[in-house]
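Chemist: Coordinates in target38.pdb, PDB, C-alpha atoms, pLDDT in the B column, are listed below.
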ATOM      1  CA  MET A  85       2.897  37.981  43.350  1.00 54.00           C
ATOM      2  CA  ASN A  86       3.700  39.262  39.856  1.00 81.00           C
ATOM      3  CA  ALA A  87       7.507  39.188  40.024  1.00 87.00           C
ATOM      4  CA  PRO A  88       9.992  36.406  40.833  1.00 93.00           C
ATOM      5  CA  HIS A  89      10.258  35.757  44.565  1.00 93.00           C
ATOM      6  CA  ALA A  90      13.258  34.090  46.211  1.00 97.00           C
ATOM      7  CA  SER A  91      13.551  32.195  49.493  1.00 98.00           C
ATOM      8  CA  ILE A  92      16.012  29.947  51.325  1.00 98.00           C
ATOM      9  CA  HIS A  93      15.277  27.054  53.692  1.00 98.00           C
ATOM     10  CA  PRO A  94      17.239  24.107  55.134  1.00 98.00           C
ATOM     11  CA  ILE A  95      16.338  20.661  53.752  1.00 98.00           C
ATOM     12  CA  ALA A  96      19.114  18.555  55.341  1.00 98.00           C
ATOM     13  CA  PRO A  97      22.038  19.181  57.725  1.00 98.00           C
ATOM     14  CA  ASP A  98      24.088  22.134  56.423  1.00 98.00           C
ATOM     15  CA  THR A  99      22.076  21.976  53.187  1.00 98.00           C
ATOM     16  CA  TRP A 100      19.908  24.851  52.004  1.00 98.00           C
ATOM     17  CA  ARG A 101      17.374  25.041  49.189  1.00 98.00           C
ATOM     18  CA  ILE A 102      17.319  28.412  47.454  1.00 98.00           C
ATOM     19  CA  SER A 103      14.215  28.738  45.331  1.00 98.00           C
ATOM     20  CA  VAL A 104      13.119  31.428  42.900  1.00 97.00           C
ATOM     21  CA  ALA A 105       9.382  31.195  42.311  1.00 96.00           C
ATOM     22  CA  MET A 106       8.131  32.357  38.928  1.00 93.00           C
ATOM     23  CA  PRO A 107       4.493  33.486  39.175  1.00 91.00           C
ATOM     24  CA  PRO A 108       1.828  32.432  36.652  1.00 91.00           C
ATOM     25  CA  GLU A 109       2.052  35.888  35.087  1.00 90.00           C
ATOM     26  CA  LEU A 110       5.592  35.026  33.957  1.00 86.00           C
ATOM     27  CA  PHE A 111       5.271  31.245  33.515  1.00 88.00           C
ATOM     28  CA  PRO A 112       1.882  29.610  32.860  1.00 86.00           C
ATOM     29  CA  GLY A 113       0.901  27.692  35.970  1.00 89.00           C
ATOM     30  CA  GLY A 114       3.936  28.980  37.858  1.00 91.00           C
ATOM     31  CA  PHE A 115       7.389  27.423  38.020  1.00 96.00           C
ATOM     32  CA  SER A 116      10.462  27.368  40.274  1.00 97.00           C
ATOM     33  CA  PHE A 117      14.236  27.364  39.846  1.00 98.00           C
ATOM     34  CA  ASN A 118      16.115  25.779  42.749  1.00 98.00           C
ATOM     35  CA  GLN A 119      19.743  25.982  43.791  1.00 98.00           C
ATOM     36  CA  TYR A 120      21.285  24.018  46.659  1.00 98.00           C
ATOM     37  CA  LEU A 121      23.975  25.297  49.004  1.00 98.00           C
ATOM     38  CA  VAL A 122      26.072  22.954  51.157  1.00 98.00           C
ATOM     39  CA  VAL A 123      27.754  24.994  53.891  1.00 98.00           C
ATOM     40  CA  ASP A 124      30.987  23.353  55.015  1.00 98.00           C
ATOM     41  CA  GLU A 125      34.706  24.128  55.220  1.00 98.00           C
ATOM     42  CA  ARG A 126      34.633  24.327  51.422  1.00 98.00           C
ATOM     43  CA  PRO A 127      31.053  25.350  50.537  1.00 98.00           C
ATOM     44  CA  LEU A 128      29.433  24.100  47.335  1.00 99.00           C
ATOM     45  CA  LEU A 129      26.552  25.474  45.281  1.00 98.00           C
ATOM     46  CA  PHE A 130      24.666  23.046  43.034  1.00 98.00           C
ATOM     47  CA  HIS A 131      23.008  24.971  40.154  1.00 98.00           C
ATOM     48  CA  THR A 132      23.505  28.709  39.701  1.00 98.00           C
ATOM     49  CA  GLY A 133      20.110  29.633  38.315  1.00 97.00           C
ATOM     50  CA  PRO A 134      19.684  31.709  35.150  1.00 97.00           C
ATOM     51  CA  LYS A 135      21.910  34.733  34.702  1.00 97.00           C
ATOM     52  CA  LYS A 136      18.925  37.093  34.953  1.00 96.00           C
ATOM     53  CA  LEU A 137      18.085  35.741  38.425  1.00 97.00           C
ATOM     54  CA  PHE A 138      21.636  36.020  39.783  1.00 98.00           C
ATOM     55  CA  GLY A 139      20.842  38.965  42.048  1.00 97.00           C
ATOM     56  CA  LEU A 140      17.975  37.132  43.747  1.00 97.00           C
ATOM     57  CA  VAL A 141      20.023  33.972  44.294  1.00 98.00           C
ATOM     58  CA  ARG A 142      22.976  35.957  45.604  1.00 98.00           C
ATOM     59  CA  GLN A 143      20.784  37.695  48.175  1.00 98.00           C
ATOM     60  CA  GLN A 144      19.581  34.367  49.550  1.00 98.00           C
ATOM     61  CA  ILE A 145      23.078  32.880  49.820  1.00 98.00           C
ATOM     62  CA  GLU A 146      24.256  35.941  51.713  1.00 98.00           C
ATOM     63  CA  LYS A 147      21.584  35.334  54.353  1.00 98.00           C
ATOM     64  CA  VAL A 148      23.549  32.198  55.274  1.00 98.00           C
ATOM     65  CA  MET A 149      27.186  32.981  54.436  1.00 98.00           C
ATOM     66  CA  PRO A 150      29.332  35.480  52.511  1.00 98.00           C
ATOM     67  CA  LEU A 151      29.237  34.740  48.803  1.00 98.00           C
ATOM     68  CA  GLU A 152      33.015  34.962  48.525  1.00 98.00           C
ATOM     69  CA  ARG A 153      33.345  31.828  50.702  1.00 98.00           C
ATOM     70  CA  LEU A 154      32.107  29.622  47.872  1.00 98.00           C
ATOM     71  CA  ARG A 155      34.683  27.052  46.786  1.00 98.00           C
ATOM     72  CA  TYR A 156      32.763  24.889  44.342  1.00 99.00           C
ATOM     73  CA  ILE A 157      29.989  25.571  41.828  1.00 98.00           C
ATOM     74  CA  ALA A 158      28.532  22.375  40.400  1.00 98.00           C
ATOM     75  CA  PHE A 159      25.646  21.579  38.083  1.00 98.00           C
ATOM     76  CA  SER A 160      24.048  18.643  36.325  1.00 98.00           C
ATOM     77  CA  HIS A 161      24.369  19.755  32.697  1.00 97.00           C
ATOM     78  CA  VAL A 162      24.770  22.891  30.629  1.00 97.00           C
ATOM     79  CA  GLU A 163      21.558  24.898  30.454  1.00 96.00           C
ATOM     80  CA  ALA A 164      20.761  28.477  31.411  1.00 96.00           C
ATOM     81  CA  ASP A 165      18.969  27.508  34.620  1.00 96.00           C
ATOM     82  CA  GLU A 166      21.741  25.116  35.629  1.00 97.00           C
ATOM     83  CA  CYS A 167      24.794  27.309  35.065  1.00 98.00           C
ATOM     84  CA  GLY A 168      23.695  30.544  33.385  1.00 98.00           C
ATOM     85  CA  ALA A 169      25.089  32.652  36.232  1.00 98.00           C
ATOM     86  CA  LEU A 170      28.355  30.700  36.536  1.00 98.00           C
ATOM     87  CA  ALA A 171      30.568  33.588  35.393  1.00 98.00           C
ATOM     88  CA  ASP A 172      28.772  35.997  37.744  1.00 98.00           C
ATOM     89  CA  PHE A 173      29.450  33.755  40.741  1.00 98.00           C
ATOM     90  CA  LEU A 174      33.079  33.215  39.787  1.00 98.00           C
ATOM     91  CA  ALA A 175      33.583  36.971  39.534  1.00 98.00           C
ATOM     92  CA  LEU A 176      32.512  37.478  43.157  1.00 98.00           C
ATOM     93  CA  ALA A 177      33.909  34.282  44.669  1.00 98.00           C
ATOM     94  CA  PRO A 178      37.631  34.398  43.759  1.00 95.00           C
ATOM     95  CA  ASP A 179      38.445  30.990  45.256  1.00 97.00           C
ATOM     96  CA  ALA A 180      35.535  29.188  43.602  1.00 98.00           C
ATOM     97  CA  GLN A 181      35.936  26.562  40.897  1.00 98.00           C
ATOM     98  CA  PRO A 182      33.377  25.028  38.512  1.00 98.00           C
ATOM     99  CA  VAL A 183      32.702  21.325  39.053  1.00 98.00           C
ATOM    100  CA  CYS A 184      31.465  19.079  36.253  1.00 98.00           C
ATOM    101  CA  GLY A 185      32.061  15.796  34.481  1.00 97.00           C
ATOM    102  CA  ARG A 186      34.650  15.103  31.800  1.00 96.00           C
ATOM    103  CA  VAL A 187      32.322  15.718  28.858  1.00 97.00           C
ATOM    104  CA  GLY A 188      30.941  18.937  30.331  1.00 97.00           C
ATOM    105  CA  ALA A 189      34.453  20.284  30.767  1.00 97.00           C
ATOM    106  CA  MET A 190      35.533  19.226  27.299  1.00 96.00           C
ATOM    107  CA  VAL A 191      32.601  20.528  25.270  1.00 95.00           C
ATOM    108  CA  ASP A 192      31.430  23.532  27.288  1.00 96.00           C
ATOM    109  CA  VAL A 193      32.927  24.733  30.545  1.00 97.00           C
ATOM    110  CA  ASN A 194      36.537  25.162  29.442  1.00 96.00           C
ATOM    111  CA  ASP A 195      35.296  27.687  26.890  1.00 97.00           C
ATOM    112  CA  MET A 196      32.473  29.263  28.935  1.00 96.00           C
ATOM    113  CA  VAL A 197      34.627  30.620  31.768  1.00 98.00           C
ATOM    114  CA  ASP A 198      38.293  31.330  32.428  1.00 96.00           C
ATOM    115  CA  VAL A 199      38.523  29.315  35.663  1.00 98.00           C
ATOM    116  CA  PRO A 200      39.531  25.719  34.870  1.00 97.00           C
ATOM    117  CA  PRO A 201      36.868  23.287  36.111  1.00 98.00           C
ATOM    118  CA  LEU A 202      37.400  20.494  38.585  1.00 98.00           C
ATOM    119  CA  VAL A 203      36.682  17.499  36.362  1.00 98.00           C
ATOM    120  CA  MET A 204      34.893  14.668  38.169  1.00 98.00           C
ATOM    121  CA  GLN A 205      35.000  11.040  37.132  1.00 98.00           C
ATOM    122  CA  ASP A 206      32.073   8.729  37.806  1.00 98.00           C
ATOM    123  CA  GLY A 207      32.187   7.719  41.472  1.00 98.00           C
ATOM    124  CA  GLN A 208      34.803  10.308  42.414  1.00 98.00           C
ATOM    125  CA  VAL A 209      34.414  11.860  45.870  1.00 98.00           C
ATOM    126  CA  LEU A 210      34.536  15.604  46.508  1.00 98.00           C
ATOM    127  CA  ASP A 211      35.441  16.300  50.147  1.00 98.00           C
ATOM    128  CA  LEU A 212      33.920  19.530  51.458  1.00 98.00           C
ATOM    129  CA  GLY A 213      35.271  19.067  54.984  1.00 98.00           C
ATOM    130  CA  THR A 214      32.446  17.187  56.677  1.00 98.00           C
ATOM    131  CA  HIS A 215      30.299  16.367  53.669  1.00 98.00           C
ATOM    132  CA  GLU A 216      31.446  13.931  50.991  1.00 98.00           C
ATOM    133  CA  LEU A 217      29.773  14.347  47.602  1.00 98.00           C
ATOM    134  CA  VAL A 218      30.077  11.635  44.975  1.00 98.00           C
ATOM    135  CA  TRP A 219      29.734  12.436  41.265  1.00 98.00           C
ATOM    136  CA  GLN A 220      27.259  10.221  39.427  1.00 98.00           C
ATOM    137  CA  SER A 221      27.707  10.257  35.655  1.00 98.00           C
ATOM    138  CA  THR A 222      24.307   9.844  33.948  1.00 98.00           C
ATOM    139  CA  PRO A 223      24.619  10.715  30.235  1.00 98.00           C
ATOM    140  CA  HIS A 224      21.279  11.631  28.626  1.00 98.00           C
ATOM    141  CA  LEU A 225      19.294  11.146  31.879  1.00 98.00           C
ATOM    142  CA  PRO A 226      17.086  12.976  31.411  1.00 98.00           C
ATOM    143  CA  HIS A 227      19.018  14.830  28.691  1.00 97.00           C
ATOM    144  CA  GLY A 228      22.464  16.147  27.900  1.00 96.00           C
ATOM    145  CA  TRP A 229      25.540  14.166  26.922  1.00 95.00           C
ATOM    146  CA  GLU A 230      27.347  15.685  29.899  1.00 97.00           C
ATOM    147  CA  CYS A 231      24.595  15.065  32.465  1.00 98.00           C
ATOM    148  CA  GLY A 232      25.501  13.952  35.984  1.00 98.00           C
ATOM    149  CA  TYR A 233      24.405  14.339  39.602  1.00 98.00           C
ATOM    150  CA  MET A 234      25.990  14.561  43.032  1.00 98.00           C
ATOM    151  CA  HIS A 235      25.116  12.348  45.982  1.00 98.00           C
ATOM    152  CA  ASP A 236      25.964  13.637  49.444  1.00 98.00           C
ATOM    153  CA  ARG A 237      26.653  10.374  51.205  1.00 98.00           C
ATOM    154  CA  THR A 238      26.985  12.270  54.492  1.00 98.00           C
ATOM    155  CA  THR A 239      23.301  13.291  54.523  1.00 98.00           C
ATOM    156  CA  GLY A 240      21.802  10.935  51.944  1.00 98.00           C
ATOM    157  CA  THR A 241      20.873  13.848  49.666  1.00 98.00           C
ATOM    158  CA  LEU A 242      20.820  13.293  45.910  1.00 99.00           C
ATOM    159  CA  PHE A 243      21.082  16.525  43.924  1.00 98.00           C
ATOM    160  CA  CYS A 244      18.983  15.135  41.086  1.00 98.00           C
ATOM    161  CA  GLY A 245      18.649  18.040  38.657  1.00 98.00           C
ATOM    162  CA  ASP A 246      15.731  17.778  36.249  1.00 98.00           C
ATOM    163  CA  LEU A 247      14.492  14.436  37.527  1.00 98.00           C
ATOM    164  CA  PHE A 248      11.055  14.853  39.156  1.00 98.00           C
ATOM    165  CA  THR A 249      10.438  18.311  37.674  1.00 98.00           C
ATOM    166  CA  GLN A 250       7.244  19.594  39.287  1.00 97.00           C
ATOM    167  CA  PRO A 251       5.041  22.436  38.038  1.00 95.00           C
ATOM    168  CA  GLY A 252       3.952  25.321  40.239  1.00 95.00           C
ATOM    169  CA  THR A 253       5.925  27.785  42.307  1.00 94.00           C
ATOM    170  CA  GLY A 254       7.335  25.190  44.738  1.00 94.00           C
ATOM    171  CA  GLU A 255       6.565  27.174  47.868  1.00 93.00           C
ATOM    172  CA  GLU A 256       7.063  24.155  50.172  1.00 97.00           C
ATOM    173  CA  PRO A 257      10.821  23.595  50.636  1.00 98.00           C
ATOM    174  CA  ILE A 258      10.538  19.844  51.252  1.00 98.00           C
ATOM    175  CA  VAL A 259       7.612  17.420  51.152  1.00 98.00           C
ATOM    176  CA  THR A 260       6.918  13.747  51.801  1.00 98.00           C
ATOM    177  CA  ARG A 261       3.913  13.379  49.505  1.00 97.00           C
ATOM    178  CA  ASP A 262       4.077  11.893  46.019  1.00 97.00           C
ATOM    179  CA  ILE A 263       6.074  13.956  43.522  1.00 98.00           C
ATOM    180  CA  LEU A 264       6.109  11.390  40.723  1.00 98.00           C
ATOM    181  CA  GLY A 265       2.488  12.005  39.712  1.00 97.00           C
ATOM    182  CA  PRO A 266       2.866  15.774  39.269  1.00 97.00           C
ATOM    183  CA  SER A 267       6.251  15.406  37.565  1.00 97.00           C
ATOM    184  CA  GLU A 268       4.963  12.788  35.137  1.00 97.00           C
ATOM    185  CA  ALA A 269       1.911  14.922  34.322  1.00 96.00           C
ATOM    186  CA  PHE A 270       4.260  17.808  33.577  1.00 94.00           C
ATOM    187  CA  ARG A 271       6.490  15.617  31.414  1.00 95.00           C
ATOM    188  CA  GLN A 272       3.531  14.468  29.338  1.00 94.00           C
ATOM    189  CA  GLN A 273       2.926  18.072  28.267  1.00 92.00           C
ATOM    190  CA  ASP A 274       6.343  18.442  26.650  1.00 90.00           C
ATOM    191  CA  ASP A 275       8.597  15.444  27.164  1.00 96.00           C
ATOM    192  CA  TYR A 276      12.127  16.514  28.060  1.00 95.00           C
ATOM    193  CA  PHE A 277      13.545  13.001  28.563  1.00 97.00           C
ATOM    194  CA  SER A 278      15.876  11.588  25.925  1.00 96.00           C
ATOM    195  CA  HIS A 279      14.703   7.995  26.637  1.00 96.00           C
ATOM    196  CA  SER A 280      18.139   6.597  25.905  1.00 95.00           C
ATOM    197  CA  ARG A 281      18.686   2.847  25.949  1.00 95.00           C
ATOM    198  CA  ASN A 282      20.838   3.224  29.064  1.00 96.00           C
ATOM    199  CA  ALA A 283      18.177   5.066  31.100  1.00 97.00           C
ATOM    200  CA  PRO A 284      16.915   1.995  33.033  1.00 97.00           C
ATOM    201  CA  ALA A 285      20.428   1.050  34.145  1.00 98.00           C
ATOM    202  CA  LEU A 286      21.242   4.635  35.130  1.00 98.00           C
ATOM    203  CA  ILE A 287      18.059   4.976  37.169  1.00 98.00           C
ATOM    204  CA  GLU A 288      18.858   1.721  38.958  1.00 98.00           C
ATOM    205  CA  LYS A 289      22.390   3.021  39.599  1.00 98.00           C
ATOM    206  CA  LEU A 290      20.928   6.063  41.347  1.00 98.00           C
ATOM    207  CA  ALA A 291      18.317   3.994  43.177  1.00 98.00           C
ATOM    208  CA  ARG A 292      21.027   1.777  44.671  1.00 98.00           C
ATOM    209  CA  LEU A 293      22.391   4.860  46.441  1.00 98.00           C
ATOM    210  CA  GLU A 294      19.199   4.743  48.568  1.00 98.00           C
ATOM    211  CA  PRO A 295      18.973   8.528  48.977  1.00 98.00           C
ATOM    212  CA  SER A 296      16.698   9.849  51.701  1.00 98.00           C
ATOM    213  CA  VAL A 297      16.354  13.342  50.182  1.00 98.00           C
ATOM    214  CA  LEU A 298      15.822  14.201  46.518  1.00 98.00           C
ATOM    215  CA  ALA A 299      16.964  17.775  45.883  1.00 98.00           C
ATOM    216  CA  CYS A 300      14.936  18.618  42.768  1.00 98.00           C
ATOM    217  CA  MET A 301      15.793  21.458  40.413  1.00 98.00           C
ATOM    218  CA  HIS A 302      12.152  22.422  39.926  1.00 98.00           C
ATOM    219  CA  GLY A 303       9.511  22.101  42.634  1.00 98.00           C
ATOM    220  CA  SER A 304       9.799  20.966  46.240  1.00 98.00           C
ATOM    221  CA  ALA A 305      12.605  18.766  47.503  1.00 98.00           C
ATOM    222  CA  TRP A 306      11.381  15.385  48.718  1.00 98.00           C
ATOM    223  CA  LYS A 307      12.109  13.219  51.762  1.00 98.00           C
ATOM    224  CA  GLY A 308      11.528   9.483  51.970  1.00 98.00           C
ATOM    225  CA  ASP A 309      12.623   6.238  50.337  1.00 98.00           C
ATOM    226  CA  GLY A 310      14.493   7.693  47.399  1.00 98.00           C
ATOM    227  CA  GLY A 311      15.417   4.311  45.986  1.00 98.00           C
ATOM    228  CA  ALA A 312      11.769   3.326  45.701  1.00 98.00           C
ATOM    229  CA  MET A 313      10.830   6.712  44.232  1.00 98.00           C
ATOM    230  CA  LEU A 314      13.540   6.425  41.564  1.00 98.00           C
ATOM    231  CA  ARG A 315      12.466   2.901  40.657  1.00 98.00           C
ATOM    232  CA  SER A 316       8.887   4.163  40.315  1.00 98.00           C
ATOM    233  CA  LEU A 317      10.166   6.797  37.902  1.00 98.00           C
ATOM    234  CA  GLY A 318      11.935   4.088  35.930  1.00 97.00           C
ATOM    235  CA  ALA A 319       8.720   2.049  35.730  1.00 97.00           C
ATOM    236  CA  ALA A 320       6.768   5.106  34.568  1.00 97.00           C
ATOM    237  CA  LEU A 321       9.293   5.797  31.818  1.00 95.00           C
ATOM    238  CA  ALA A 322       9.262   2.164  30.712  1.00 93.00           C
ATOM    239  CA  ALA A 323       5.480   2.235  30.492  1.00 88.00           C
TER     240      ALA A 323
END
Please re-express this file's structure in C-alpha cells.
Modeler:
Amino acid sequence: MNAPHASIHPIAPDTWRISVAMPPELFPGGFSFNQYLVVDERPLLFHTGPKKLFGLVRQQIEKVMPLERLRYIAFSHVEADECGALADFLALAPDAQPVCGRVGAMVDVNDMVDVPPLVMQDGQVLDLGTHELVWQSTPHLPHGWECGYMHDRTTGTLFCGDLFTQPGTGEEPIVTRDILGPSEAFRQQDDYFSHSRNAPALIEKLARLEPSVLACMHGSAWKGDGGAMLRSLGAALAA
C-alpha cells in the first residue's frame, strides 16, 4: 500500500468507524484518520477528516447511506483532520449543520462556513432519534480552548478525539487489548497534550460516564471498561 486506503466497519449499534490509513511511505510508521458515523433518523458524523481526504471519506459513507441524509457534523476541536472537510460536506448535505461548543462557534466556526452551527452547552443532549449524544466540554484536553467530546449514552460510546492516539495504520476497527501503552509511547515522541491544571478533573468527568467504547480519532477504537482506561490515562499524565 503506497496510497491512502479507506474502510468502514461497525463498532457499536448504528455506529460506523470510517478510517483512512496513511501508509509509512506518506507518514513514518503509518497513521490513521478516523471519522464516526451514527446512522439514525438524524444522522451525525463526528470528524470530517482533512479536506484532501474528503473523496475517500465520502465514498465510505455512501456505502452505508446517501451523503445528503447527514443532519449533523460534529468535531472535538478545530484542526484540519477534525473539520478540514466541513465545507465540502455542507455543500453536498443541504440539511446538515455543524455542531460544536460555544467557544468553537465563537472563535472559528461562525467564520469558517456559512451554515450557523448548533452550539452545544456542557451536558446538553442532542437527540438523533434513537441515539442521545451528550456534549462534554473539555477545554485544553488534550489541546484546544474549544475542545469537547460527545458521549452516546444510548450505546456507551465516547467519541474521544485525540485521546489515546495510536500510531500505525489502525487496520483493526475495534480492539480490546491495551491502547494506553502505544498511545503514551506515541505521545512521548512529540507531546500534544496541553497539561492544563484542569486536566485531572476533566479526565475524571469523562471516566464517570463509564463508556464501554472509546471511539479514537487515530488508531483502533477500543471496547472495555472505559472508565478504568481513562483513569489510567490520567495517572500516566500525572506521572
Chemist: Run through the PyMOL selection byres ((chain A and resi 165) around 7) on the given coordinates and return the selected residues as a VMD selection string.
Modeler: chain A and resid 132 to 134 163 to 164 166 to 168
Chemist: Restricting it to C-alpha atoms, dump the selection as an mmCIF file, in the coordinates of the input.
Modeler:
data_model
loop_
_atom_site.group_PDB
_atom_site.id
_atom_site.type_symbol
_atom_site.label_atom_id
_atom_site.label_comp_id
_atom_site.auth_asym_id
_atom_site.auth_seq_id
_atom_site.Cartn_x
_atom_site.Cartn_y
_atom_site.Cartn_z
ATOM 1 C CA THR A 132 23.505 28.709 39.701
ATOM 2 C CA GLY A 133 20.110 29.633 38.315
ATOM 3 C CA PRO A 134 19.684 31.709 35.150
ATOM 4 C CA GLU A 163 21.558 24.898 30.454
ATOM 5 C CA ALA A 164 20.761 28.477 31.411
ATOM 6 C CA GLU A 166 21.741 25.116 35.629
ATOM 7 C CA CYS A 167 24.794 27.309 35.065
ATOM 8 C CA GLY A 168 23.695 30.544 33.385
#
Chemist: Fewer than 4 positions away in the same chain doesn't count, so skip those; otherwise give me all residues within 10 Å of Met106 in chain A, counting only C-alpha atoms, as a list in words.
Modeler: Met85, Asn86, Ala87, Pro88, His89, Ala90, Leu110, Phe111, Pro112, Gly113, Gly114, Phe115, Ser116, Phe117, Gly252, Thr253 and Gly254 of chain A
Chemist: Figure out the distance between CA of Asp246 in chain A and CA of Ile263 in chain A, please, to one decimal in Å.
Modeler: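 Computing the Euclidean distance for CA of Ile263 in chain A and CA of Asp246 in chain A yields 12.7 Å.
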Chemist: Give me the residues within 7 Å of range 202-218 of chain A as a VMD selection string, counting all atoms listed in the file and dropping any in the same chain fewer than 5 places off.
Modeler: chain A and resid 124 to 127 181 to 186 189 234 to 238
Chemist: Considering all atoms listed in the file, state which residue in the set A:Leu154, A:Glu230, A:Ala285, A:His224 is at the smallest distance from Gly188 in chain A.
Modeler: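 Of A:Leu154, A:Glu230, A:Ala285, A:His224, the one nearest Gly188 in chain A is A:Glu230, counting all atoms listed in the file.
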Chemist: Go ahead and compute the interatomic distance for CA of Pro178 in chain A and CA of Val199 in chain A, in Å to one decimal.
Modeler: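 It comes out at 9.6 Å.
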Chemist: Residues within 12 Å of (30.0, 32.7, 52.6), file coordinates, counting only C-alpha atoms: what are they? Give the list as JSON, numbers by chain.
Modeler: {"A": [121, 122, 123, 124, 125, 126, 127, 128, 129, 142, 143, 144, 145, 146, 147, 148, 149, 150, 151, 152, 153, 154, 155, 156, 173, 176, 177, 178, 179, 180]}
Chemist: Calculated over only C-alpha atoms, which of the candidates A:Pro94, A:Gly310, A:Pro251, A:Gly245 has the smallest distance to Arg292 in chain A?
Modeler: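 Looking only at the distances to Arg292 in chain A, the closest residue turns out to be A:Gly310.
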Chemist: Of the residues A:Asn282, A:Ser160, A:Thr239, A:Asn118, which is the one nearest to Leu137 in chain A, using all atoms listed in the file?
Modeler: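 Distance minimum relative to Leu137 in chain A lands on A:Asn118.
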Chemist: Considering only C-alpha atoms, can you say which of A:Asp192, A:Thr249, A:Pro107, A:Asp309 comes closest to Trp229 in chain A?
Modeler: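 Closest candidate: A:Asp192.
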Chemist: Report the distance between CA of Tyr233 in chain A and CA of Trp219 in chain A in Å, rounded to one decimal place.
Modeler: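 Rounded to one decimal, the two atoms are 5.9 Å apart.
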Chemist: What's the 12 Å shell around range 312-315 of chain A, counting all atoms listed in the file, without same-chain residues fewer than 6 positions away, as number ranges by chain?
Modeler: A: 242, 244, 247-248, 260-265, 267, 283-298, 306, 321-322
Chemist: So that all listed atoms of range 290-309 of chain A fit with 6 Å spare on each side, what axis-aligned box centre and edge lengths in Å, to one decimal, would you give as AutoDock Vina command-line options?
Modeler:
--center_x 16.0 --center_y 12.1 --center_z 45.9 --size_x 24.9 --size_y 32.6 --size_z 24.0
Chemist: So what does the PyMOL selection byres ((chain A and resi 225) around 8) actually pick up in this one, as a list in words?
Modeler: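 Applying the PyMOL selection byres ((chain A and resi 225) around 8) to the structure shown produces Thr222, Pro223, His224, Pro226, His227, Gly228, Cys231, Gly232, Phe277, Ser278, His279, Ser280, Ala283 and Leu286 of chain A.
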